[in-house]
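Student: Dropping in target-v3.cif, with mmCIF, C-alpha atoms and all ligand atoms.
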data_work
loop_
_atom_site.label_atom_id
_atom_site.label_comp_id
_atom_site.auth_asym_id
_atom_site.auth_seq_id
_atom_site.Cartn_x
_atom_site.Cartn_y
_atom_site.Cartn_z
CA MET A 1 106.72 81.84 102.37
CA SER A 2 105.00 79.91 105.13
CA THR A 3 101.35 80.51 104.20
CA SER A 4 99.38 80.18 100.98
CA VAL A 5 97.96 83.36 99.52
CA LEU A 6 95.30 83.67 96.85
CA VAL A 7 96.28 86.41 94.41
CA ILE A 8 93.46 88.03 92.45
CA ASN A 9 93.75 90.38 89.49
CA CYS A 10 90.31 91.57 88.36
CA GLY A 11 89.87 93.11 84.92
CA SER A 12 86.64 94.41 83.41
CA SER A 13 85.55 91.00 82.06
CA SER A 14 88.21 88.67 83.43
CA ILE A 15 89.83 87.53 86.67
CA LYS A 16 93.37 86.14 86.86
CA TYR A 17 94.00 84.08 89.98
CA ALA A 18 96.90 82.19 91.51
CA LEU A 19 97.23 80.27 94.73
CA VAL A 20 100.80 80.94 95.75
CA SER A 21 102.49 78.71 98.29
CA GLU A 22 106.01 77.79 99.31
CA ARG A 23 107.12 76.10 96.11
CA ARG A 24 106.60 77.70 92.71
CA GLU A 25 105.96 74.26 91.17
CA ASP A 26 102.88 73.87 93.39
CA ARG A 27 101.23 77.00 92.10
CA ILE A 28 97.60 76.68 91.03
CA PHE A 29 96.54 79.40 88.62
CA GLY A 30 94.03 80.34 85.99
CA LEU A 31 91.89 82.87 84.25
CA ALA A 32 88.13 83.39 84.39
CA GLU A 33 87.21 85.11 81.14
CA ASN A 34 84.26 86.42 79.12
CA LEU A 35 82.48 87.18 82.40
CA GLY A 36 78.87 88.27 81.97
CA SER A 37 78.51 86.38 78.67
CA ALA A 38 77.16 82.94 77.73
CA ASP A 39 80.74 81.96 76.98
CA ALA A 40 82.08 82.69 80.49
CA ARG A 41 84.63 80.07 81.53
CA ILE A 42 87.57 79.29 83.76
CA LYS A 43 90.78 77.99 82.21
CA GLY A 44 93.75 77.10 84.31
CA VAL A 45 96.08 74.64 85.92
CA THR A 46 95.27 72.62 89.02
CA MET A 47 97.52 70.88 91.54
CA GLY A 48 100.16 68.78 89.81
CA GLY A 49 99.92 70.75 86.57
CA ALA A 50 96.68 69.22 85.22
CA ALA A 51 94.66 71.45 82.90
CA LEU A 52 91.30 72.83 84.02
CA GLU A 53 88.52 74.08 81.75
CA LEU A 54 85.16 74.90 83.28
CA SER A 55 82.16 76.53 81.66
CA ILE A 56 80.35 79.04 83.93
CA PRO A 57 77.68 80.51 81.58
CA HIS A 58 76.65 84.11 82.42
CA ALA A 59 78.73 84.14 85.60
CA ASP A 60 79.60 87.64 86.86
CA HIS A 61 82.71 88.49 88.92
CA GLU A 62 81.11 87.37 92.18
CA LYS A 63 79.94 84.04 90.80
CA ALA A 64 83.33 83.39 89.19
CA LEU A 65 85.17 84.22 92.42
CA GLU A 66 82.81 81.94 94.35
CA THR A 67 83.57 79.09 91.91
CA ILE A 68 87.32 79.72 92.09
CA LEU A 69 87.30 79.82 95.89
CA GLU A 70 85.10 76.71 96.16
CA ARG A 71 87.67 74.83 94.13
CA LEU A 72 90.56 76.17 96.20
CA ALA A 73 88.98 76.09 99.67
CA HIS A 74 90.57 72.76 100.65
CA HIS A 75 94.00 74.32 100.06
CA ASN A 76 93.12 76.64 102.91
CA PRO A 77 94.37 80.04 101.69
CA GLN A 78 95.22 82.26 104.64
CA ALA A 79 94.92 85.62 102.91
CA ILE A 80 93.90 87.25 99.64
CA GLY A 81 96.16 89.69 97.79
CA HIS A 82 94.55 91.95 95.20
CA ARG A 83 96.51 93.56 92.41
CA VAL A 84 95.39 97.18 92.16
CA VAL A 85 96.78 99.27 89.31
CA HIS A 86 96.49 102.74 90.82
CA GLY A 87 96.97 103.48 94.50
CA GLY A 88 96.92 107.27 94.06
CA THR A 89 98.96 108.63 96.95
CA LEU A 90 99.17 105.29 98.79
CA THR A 91 102.82 104.35 99.00
CA LYS A 92 102.77 100.68 100.05
CA ALA A 93 100.61 97.55 100.18
CA GLU A 94 97.70 97.98 102.60
CA LEU A 95 95.27 95.78 104.52
CA LEU A 96 91.85 96.36 102.97
CA THR A 97 89.67 98.43 105.28
CA PRO A 98 86.70 100.68 104.38
CA GLU A 99 89.13 103.64 104.41
CA ILE A 100 91.62 102.02 102.01
CA ILE A 101 88.80 100.92 99.69
CA GLU A 102 87.64 104.55 99.63
CA ARG A 103 91.18 105.71 98.76
CA ILE A 104 91.24 103.20 95.85
CA ARG A 105 87.88 104.59 94.71
CA GLU A 106 89.27 108.13 94.90
CA ALA A 107 92.12 107.11 92.58
CA THR A 108 89.63 105.90 89.92
CA PRO A 109 89.86 109.04 87.73
CA LEU A 110 93.58 108.23 87.39
CA ALA A 111 92.93 104.62 86.22
CA PRO A 112 89.39 104.59 84.84
CA LEU A 113 89.85 101.30 83.00
CA HIS A 114 91.40 99.36 85.88
CA ASN A 115 90.41 100.52 89.36
CA PRO A 116 86.61 100.03 88.93
CA ALA A 117 87.19 96.38 87.95
CA HIS A 118 89.52 95.86 90.94
CA LEU A 119 86.86 97.32 93.23
CA VAL A 120 84.24 94.88 91.91
CA GLY A 121 86.60 92.02 92.79
CA ILE A 122 87.51 93.44 96.18
CA GLU A 123 83.89 94.00 97.16
CA ALA A 124 82.90 90.51 96.03
CA THR A 125 85.71 88.76 97.96
CA MET A 126 85.03 90.90 101.07
CA ARG A 127 81.38 89.79 100.96
CA LEU A 128 82.22 86.16 100.25
CA PHE A 129 85.15 85.74 102.65
CA PRO A 130 84.83 88.31 105.44
CA GLU A 131 87.06 86.22 107.74
CA LEU A 132 90.12 86.23 105.44
CA PRO A 133 92.60 89.13 105.68
CA GLN A 134 92.74 90.91 102.32
CA VAL A 135 95.49 93.18 101.07
CA ALA A 136 95.75 95.58 98.13
CA VAL A 137 99.12 95.65 96.35
CA PHE A 138 99.53 98.65 94.06
CA ASP A 139 101.35 98.83 90.72
CA THR A 140 102.21 102.42 91.55
CA ALA A 141 103.69 101.85 95.03
CA PHE A 142 107.23 100.82 94.00
CA HIS A 143 107.65 104.12 92.14
CA GLN A 144 106.79 106.29 95.14
CA THR A 145 110.53 106.62 95.81
CA MET A 146 110.99 108.67 92.61
CA PRO A 147 112.40 112.12 93.35
CA SER A 148 110.18 115.11 92.54
CA HIS A 149 112.30 116.08 89.55
CA ALA A 150 111.37 112.71 88.02
CA TYR A 151 107.69 112.66 88.96
CA ARG A 152 106.63 116.27 88.34
CA TYR A 153 105.36 117.44 84.96
CA ALA A 154 106.32 120.92 83.79
CA LEU A 155 102.72 122.08 84.22
CA PRO A 156 101.14 124.75 86.48
CA LYS A 157 101.83 123.85 90.11
CA PHE A 158 98.17 123.82 91.20
CA LEU A 159 97.49 120.83 88.92
CA TYR A 160 99.87 118.87 91.13
CA THR A 161 99.00 120.36 94.52
CA GLN A 162 95.22 120.41 94.05
CA HIS A 163 94.58 117.64 91.52
CA ASN A 164 97.45 115.14 92.00
CA VAL A 165 98.59 115.51 88.39
CA ARG A 166 102.06 113.93 88.44
CA ARG A 167 103.90 110.90 87.14
CA TYR A 168 103.07 107.73 89.11
CA GLY A 169 104.49 104.84 87.08
CA PHE A 170 103.06 101.32 86.81
CA HIS A 171 104.16 97.64 86.58
CA GLY A 172 105.76 98.33 89.98
CA THR A 173 105.44 94.76 91.27
CA SER A 174 107.21 93.47 88.16
CA HIS A 175 110.03 96.04 88.21
CA ALA A 176 110.48 95.41 91.95
CA TYR A 177 110.59 91.62 91.59
CA VAL A 178 112.82 91.57 88.51
CA SER A 179 115.34 94.08 89.87
CA GLU A 180 115.53 92.28 93.23
CA ARG A 181 115.85 88.84 91.69
CA GLY A 182 118.20 90.04 88.95
CA SER A 183 120.52 91.94 91.29
CA MET A 184 120.64 88.85 93.50
CA LEU A 185 121.62 86.67 90.52
CA ALA A 186 124.26 89.26 89.63
CA GLY A 187 125.69 89.00 93.15
CA SER A 188 124.78 92.52 94.27
CA PHE A 189 121.35 92.18 95.90
CA LYS A 190 119.52 95.52 95.79
CA GLN A 191 122.78 97.33 95.14
CA GLY A 192 123.88 99.48 92.22
CA GLY A 193 122.15 100.91 89.19
CA TRP A 194 119.88 98.78 87.00
CA LEU A 195 117.53 99.35 84.09
CA THR A 196 114.49 97.09 83.63
CA ALA A 197 112.44 96.64 80.46
CA HIS A 198 109.06 95.01 81.12
CA LEU A 199 107.79 94.20 77.62
CA GLY A 200 104.34 92.65 77.29
CA ASN A 201 101.08 93.95 75.88
CA GLY A 202 101.71 96.89 78.18
CA SER A 203 105.37 97.84 78.35
CA SER A 204 107.42 100.08 80.60
CA THR A 205 110.99 100.76 81.65
CA CYS A 206 112.42 101.63 85.04
CA ALA A 207 115.67 102.89 86.55
CA ILE A 208 116.50 101.38 89.95
CA TRP A 209 119.23 102.58 92.29
CA ASN A 210 120.07 100.48 95.36
CA GLY A 211 116.73 98.68 95.13
CA GLN A 212 114.55 101.79 94.75
CA SER A 213 112.77 103.11 91.69
CA VAL A 214 114.24 106.48 90.71
CA ASP A 215 112.42 106.92 87.40
CA THR A 216 110.09 105.06 85.08
CA SER A 217 108.55 105.49 81.65
CA MET A 218 104.83 105.45 82.50
CA GLY A 219 103.31 108.56 84.00
CA LEU A 220 99.94 109.80 85.23
CA THR A 221 98.40 106.86 83.38
CA PRO A 222 99.85 103.73 81.73
CA LEU A 223 99.76 105.48 78.33
CA GLU A 224 103.01 107.45 78.66
CA GLY A 225 106.38 106.03 77.65
CA VAL A 226 107.41 103.30 75.23
CA VAL A 227 105.44 101.84 72.30
CA MET A 228 103.04 99.09 73.45
CA GLY A 229 100.67 96.55 71.86
CA THR A 230 97.83 99.01 71.29
CA ARG A 231 99.03 102.08 73.25
CA SER A 232 100.94 104.86 71.54
CA GLY A 233 103.37 105.68 74.34
CA ASP A 234 104.78 109.21 74.11
CA VAL A 235 103.25 111.52 71.51
CA ASP A 236 103.24 115.29 71.20
CA PRO A 237 100.36 116.34 73.51
CA SER A 238 99.25 118.79 70.82
CA ILE A 239 97.94 115.79 68.90
CA HIS A 240 94.70 116.34 70.84
CA SER A 241 94.13 119.87 69.57
CA PHE A 242 95.33 118.91 66.09
CA LEU A 243 92.80 116.05 65.80
CA ALA A 244 90.03 118.12 67.40
CA SER A 245 90.58 121.11 65.12
CA ASN A 246 91.29 119.29 61.89
CA LEU A 247 89.26 116.08 62.11
CA GLY A 248 86.58 117.18 64.59
CA TRP A 249 87.39 114.31 66.98
CA ASP A 250 86.18 114.52 70.59
CA ILE A 251 88.33 113.67 73.61
CA TYR A 252 86.87 110.15 73.98
CA LYS A 253 87.66 109.25 70.40
CA ILE A 254 91.22 110.56 70.76
CA ASP A 255 91.71 108.71 74.04
CA LYS A 256 90.40 105.45 72.53
CA MET A 257 92.68 105.85 69.52
CA LEU A 258 95.76 106.43 71.69
CA ASN A 259 94.95 103.53 74.06
CA SER A 260 93.40 100.87 71.82
CA GLN A 261 94.25 101.52 68.19
CA SER A 262 97.86 102.71 68.31
CA GLY A 263 101.22 101.17 69.27
CA LEU A 264 102.27 98.04 67.36
CA LEU A 265 98.71 97.62 66.07
CA GLY A 266 98.48 101.17 64.77
CA LEU A 267 101.91 101.19 63.15
CA SER A 268 101.58 97.78 61.48
CA ASP A 269 97.87 97.99 60.67
CA LEU A 270 98.04 94.25 61.30
CA SER A 271 98.38 93.12 64.93
CA ASN A 272 99.27 94.11 68.46
CA ASP A 273 101.02 90.77 68.94
CA MET A 274 104.80 90.81 68.61
CA ARG A 275 105.02 87.18 67.48
CA THR A 276 102.64 87.85 64.59
CA LEU A 277 104.64 90.94 63.61
CA ILE A 278 107.98 89.13 63.66
CA GLU A 279 106.52 86.38 61.43
CA ALA A 280 104.96 88.94 59.07
CA SER A 281 108.15 90.94 58.85
CA GLU A 282 110.10 87.76 58.01
CA GLN A 283 107.66 87.28 55.14
CA GLY A 284 108.37 90.77 53.85
CA ASN A 285 105.62 92.86 55.45
CA GLU A 286 107.18 96.35 55.61
CA ASP A 287 104.63 97.83 58.03
CA ALA A 288 105.31 95.01 60.49
CA ALA A 289 109.06 95.55 60.11
CA LEU A 290 108.66 99.27 60.75
CA ALA A 291 106.48 98.64 63.84
CA ILE A 292 109.24 96.42 65.29
CA GLU A 293 111.91 99.00 64.48
CA VAL A 294 109.98 101.85 66.11
CA PHE A 295 109.30 99.63 69.15
CA CYS A 296 113.00 98.81 69.66
CA TYR A 297 114.30 102.28 68.87
CA ARG A 298 111.87 104.02 71.22
CA LEU A 299 112.53 101.41 73.90
CA ALA A 300 116.28 102.02 73.65
CA LYS A 301 115.67 105.77 73.75
CA SER A 302 113.62 105.36 76.92
CA LEU A 303 116.34 103.27 78.58
CA ALA A 304 118.99 105.80 77.58
CA GLY A 305 116.85 108.63 79.01
CA LEU A 306 116.22 106.80 82.28
CA SER A 307 119.95 106.23 82.69
CA CYS A 308 120.15 109.91 83.73
CA GLY A 309 118.56 108.84 87.03
CA LEU A 310 121.44 106.46 87.82
CA PRO A 311 124.91 107.35 89.10
CA ARG A 312 126.18 104.33 87.13
CA ILE A 313 124.73 101.45 85.09
CA ASP A 314 125.44 97.95 86.37
CA GLY A 315 123.11 96.29 83.93
CA LEU A 316 119.84 95.75 82.14
CA PHE A 317 117.05 93.24 82.83
CA PHE A 318 114.56 92.10 80.19
CA THR A 319 111.20 90.67 81.25
CA GLY A 320 107.53 90.27 80.16
CA GLY A 321 106.25 88.10 77.28
CA ILE A 322 108.40 89.88 74.68
CA GLY A 323 111.43 90.53 76.90
CA GLU A 324 111.54 86.92 78.13
CA ASN A 325 110.92 85.21 74.80
CA SER A 326 112.28 87.26 71.94
CA ALA A 327 116.06 87.14 71.42
CA TYR A 328 115.47 89.16 68.25
CA ILE A 329 113.88 92.12 70.08
CA ARG A 330 116.53 92.05 72.82
CA GLU A 331 119.33 92.10 70.26
CA LYS A 332 117.75 94.87 68.20
CA THR A 333 117.12 97.02 71.29
CA VAL A 334 120.67 96.65 72.62
CA SER A 335 122.04 97.52 69.15
CA TYR A 336 120.44 100.96 69.56
CA LEU A 337 122.45 101.54 72.77
CA PRO A 338 126.03 101.51 71.46
CA HIS A 339 127.39 104.16 73.83
CA PHE A 340 126.73 102.27 77.09
CA GLY A 341 129.30 99.53 76.53
CA PHE A 342 126.70 96.70 76.47
CA ASN A 343 128.26 93.63 74.94
CA LEU A 344 125.45 91.19 74.11
CA SER A 345 126.45 87.59 73.41
CA LYS A 346 124.52 86.47 70.33
CA GLU A 347 125.04 82.86 71.31
CA LEU A 348 123.83 83.20 74.91
CA ASN A 349 120.93 85.41 73.80
CA ASP A 350 119.76 83.05 71.05
CA ASN A 351 120.17 79.92 73.13
CA LEU A 352 118.42 81.06 76.31
CA LYS A 353 115.57 78.62 76.90
CA ARG A 354 112.04 80.08 77.00
CA GLY A 355 110.87 80.97 80.47
CA THR A 356 114.31 80.64 82.07
CA GLU A 357 116.52 83.25 83.67
CA GLY A 358 120.03 83.82 82.45
CA ARG A 359 122.83 86.20 81.65
CA ILE A 360 123.25 87.06 77.97
CA ASP A 361 126.32 89.31 77.75
CA HIS A 362 130.00 88.53 77.12
CA GLY A 363 131.08 89.47 80.65
CA THR A 364 132.50 92.88 79.82
CA GLY A 365 130.55 96.10 80.25
CA PRO A 366 127.19 96.38 82.00
CA GLN A 367 125.48 93.00 82.52
CA ILE A 368 122.42 91.94 80.50
CA TRP A 369 119.98 89.44 81.99
CA VAL A 370 116.65 87.88 81.16
CA VAL A 371 114.59 87.50 84.33
CA PRO A 372 111.07 86.04 83.96
CA THR A 373 108.75 88.19 86.02
CA ASP A 374 106.63 86.85 88.89
CA GLU A 375 104.04 89.45 89.74
CA GLU A 376 101.82 86.90 91.52
CA GLY A 377 104.69 85.71 93.70
CA ARG A 378 105.61 89.26 94.60
CA ILE A 379 101.98 90.19 95.42
CA ALA A 380 101.70 87.09 97.63
CA LYS A 381 104.91 88.01 99.45
CA GLU A 382 103.78 91.57 100.08
CA THR A 383 100.35 90.32 101.22
CA GLU A 384 101.96 87.96 103.70
CA HIS A 385 104.21 90.75 104.94
CA VAL A 386 101.26 93.11 105.59
CA VAL A 387 99.26 90.35 107.34
CA ASP A 388 102.28 89.49 109.54
CA GLU A 389 102.74 93.16 110.46
CA VAL A 390 99.07 93.58 111.35
CA THR A 391 99.08 90.39 113.42
CA ALA A 392 102.28 91.44 115.25
CA SER A 393 100.90 94.87 116.08
CA ALA A 394 97.55 93.36 117.29
CA THR A 395 99.49 90.92 119.54
CA LYS A 396 101.61 93.77 120.92
CA LYS A 397 98.49 95.82 121.63
CA SER A 398 96.71 92.97 123.45
CA ASP A 399 99.88 92.19 125.45
CA ALA A 400 100.07 95.85 126.49
CA GLU A 401 96.36 95.88 127.43
CA ALA A 402 96.82 92.68 129.49
CA ALA A 403 99.81 94.26 131.28
CA ILE A 404 97.72 97.35 132.21
CA ALA A 405 94.79 95.18 133.40
P1 LIG B 501 100.56 90.96 79.24
O1 LIG B 501 101.10 92.35 79.29
O2 LIG B 501 99.17 90.87 78.71
O3 LIG B 501 100.82 90.15 80.51
P2 LIG B 501 102.63 89.25 78.12
O4 LIG B 501 103.68 89.63 79.09
O5 LIG B 501 102.10 87.85 78.16
O6 LIG B 501 101.42 90.25 78.08
O7 LIG B 501 103.26 89.50 76.66
C1 LIG B 501 102.52 89.33 75.50
C2 LIG B 501 103.42 89.67 74.32
O8 LIG B 501 104.54 88.78 74.31
C3 LIG B 501 102.72 89.52 72.97
O9 LIG B 501 103.03 90.62 72.13
C4 LIG B 501 103.37 88.25 72.43
O10 LIG B 501 103.40 88.22 71.02
C5 LIG B 501 104.76 88.39 72.99
N1 LIG B 501 105.52 87.14 72.87
C6 LIG B 501 105.32 85.97 73.51
N2 LIG B 501 106.21 85.02 73.07
C7 LIG B 501 106.97 85.64 72.13
C8 LIG B 501 108.06 85.21 71.30
N3 LIG B 501 108.54 83.99 71.34
N4 LIG B 501 108.60 86.13 70.45
C9 LIG B 501 108.13 87.39 70.39
N5 LIG B 501 107.12 87.85 71.15
C10 LIG B 501 106.55 86.98 72.00
#
Transcribe the structure of this file into structure tokens.

Tutor:
Amino acid sequence: MSTSVLVINCGSSSIKYALVSERREDRIFGLAENLGSADARIKGVTMGGAALELSIPHADHEKALETILERLAHHNPQAIGHRVVHGGTLTKAELLTPEIIERIREATPLAPLHNPAHLVGIEATMRLFPELPQVAVFDTAFHQTMPSHAYRYALPKFLYTQHNVRRYGFHGTSHAYVSERGSMLAGSFKQGGWLTAHLGNGSSTCAIWNGQSVDTSMGLTPLEGVVMGTRSGDVDPSIHSFLASNLGWDIYKIDKMLNSQSGLLGLSDLSNDMRTLIEASEQGNEDAALAIEVFCYRLAKSLAGLSCGLPRIDGLFFTGGIGENSAYIREKTVSYLPHFGFNLSKELNDNLKRGTEGRIDHGTGPQIWVVPTDEEGRIAKETEHVVDEVTASATKKSDAEAAIA
């Protein structure tokens, strides 16, 4: 990458940022958190790896972005790349224009927790830095190659044609990066059939054939699919009418329960954090042990299901906080997939150093790799690509105009 790109990921009360340049070691990154409260602060890493902690009492998104940019201005970022969870029908990264911002707004009903926060960040950076090109990179875009038999729900057709009710998929930048990087490490760049398991607080799986997503576990929203930190993943949709009829719950209460009180937290009644659950289970906590078992079993089931989208399986990539760091979860998950010929090496799996990439199978059967994700790097790359394309087409247009004149 020849330019430096500021990557911004705005949540409802936080902003993750990273200044991405040529070398990964030079990356400056951080998190502005508790925005809007007396405790608002920025924590991060500056040039050379030094820690940064800055109190910004009562700062809102705009103030926090201003502070971040002030600190980074002398590094001269040439563009800003925004992570946007839901792009609706947008199929690729786009330069931010009033029309694209409107399309992101239109997709808000599909990502009510995420898109409004992204829009706050986008509007603030557009006001603060009108001269910098800004690009939206969508979590959904990578999955736009899914065939209709993978993305349609078996629901009345008009819900799709008139209301865009379909499966979209998320974590696209991570699945794209990990499958590209992993297939390169495996010596078959963007070739063959791969499964990815992105396991963090939010988790999803993906099937990739020749570099393109052909199916994924998340759907209309990031609730569908595997068990997550606080999200249920797949449940019988009749749970809504059951809870409404029998417990008198309204739709908001049911939605909150499925998104914020379920998953590992709901099952264990203890924590949404996998590390805490592993420790508790080692000390004999049966609910924690069951939560881990359900997580791994349902994850394996999802990977097995997605394999239907692939003509053959060349291998499996683990990523995300859990996938990158927990040999125990990787081993347990693979043990639920005995019919695919995976041959995990206990030694390589247990000895893989935290945060490093590496192959963890015996060399027979489909490959198994751990590939630390780099969503910021991928967003920066796509941002640079869009800016280059726009610049090239503007140059071509002005050359053509000059020729006519
Ligand atoms: P997010 O989706 O918020 O980006 P991360 O990808 O950082 O989340 O993943 C967070 C999850 O990773 C937490 O459940 C955390 O407990 C888990 N995790 C991190 N390190 C380990 C570890 N060594 N063993 C097991 N789980 C881990």

Student: Distance limit 10 Å, reference ligand LIG 501 (chain B), atoms considered: all atoms listed in the file. Which residues make the cut? Give them as a PyMOL selection string.

Tutor: chain A and resi 171+198-203+228-230+264+271-279+319-330+354-355+372-373+375

Student: Find the distance between atom CA of A:Ala150 and atom CA of A:Leu303 and write it in Å to one decimal.

Tutor: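 Distance between the two atoms: 14.2 Å.
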
Student: For the atom pair atom CA of A:Trp249 and atom CA of A:Val235, what is the interatomic distance in Å to one decimal place?

Tutor: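 Between these atoms lies a distance of 16.7 Å.
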
Student: So, with all atoms listed in the file as the atoms that count, which of A:Ala304, A:Val135, A:Ile56, A:Leu223 lies closest to A:Arg41?

Tutor: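 Nearest candidate to A:Arg41 out of A:Ala304, A:Val135, A:Ile56, A:Leu223: A:Ile56.
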
Student: Quick one: 3 Å padding each side, axis-aligned, all listed atoms of stretch 315-319 of chain A - centre and edge lengths in Å to one decimal, as lines of an AutoDock Vina configuration file?

Tutor:
center_x = 117.2
center_y = 93.5
center_z = 82.1
size_x = 17.9
size_y = 11.6
size_z = 9.7
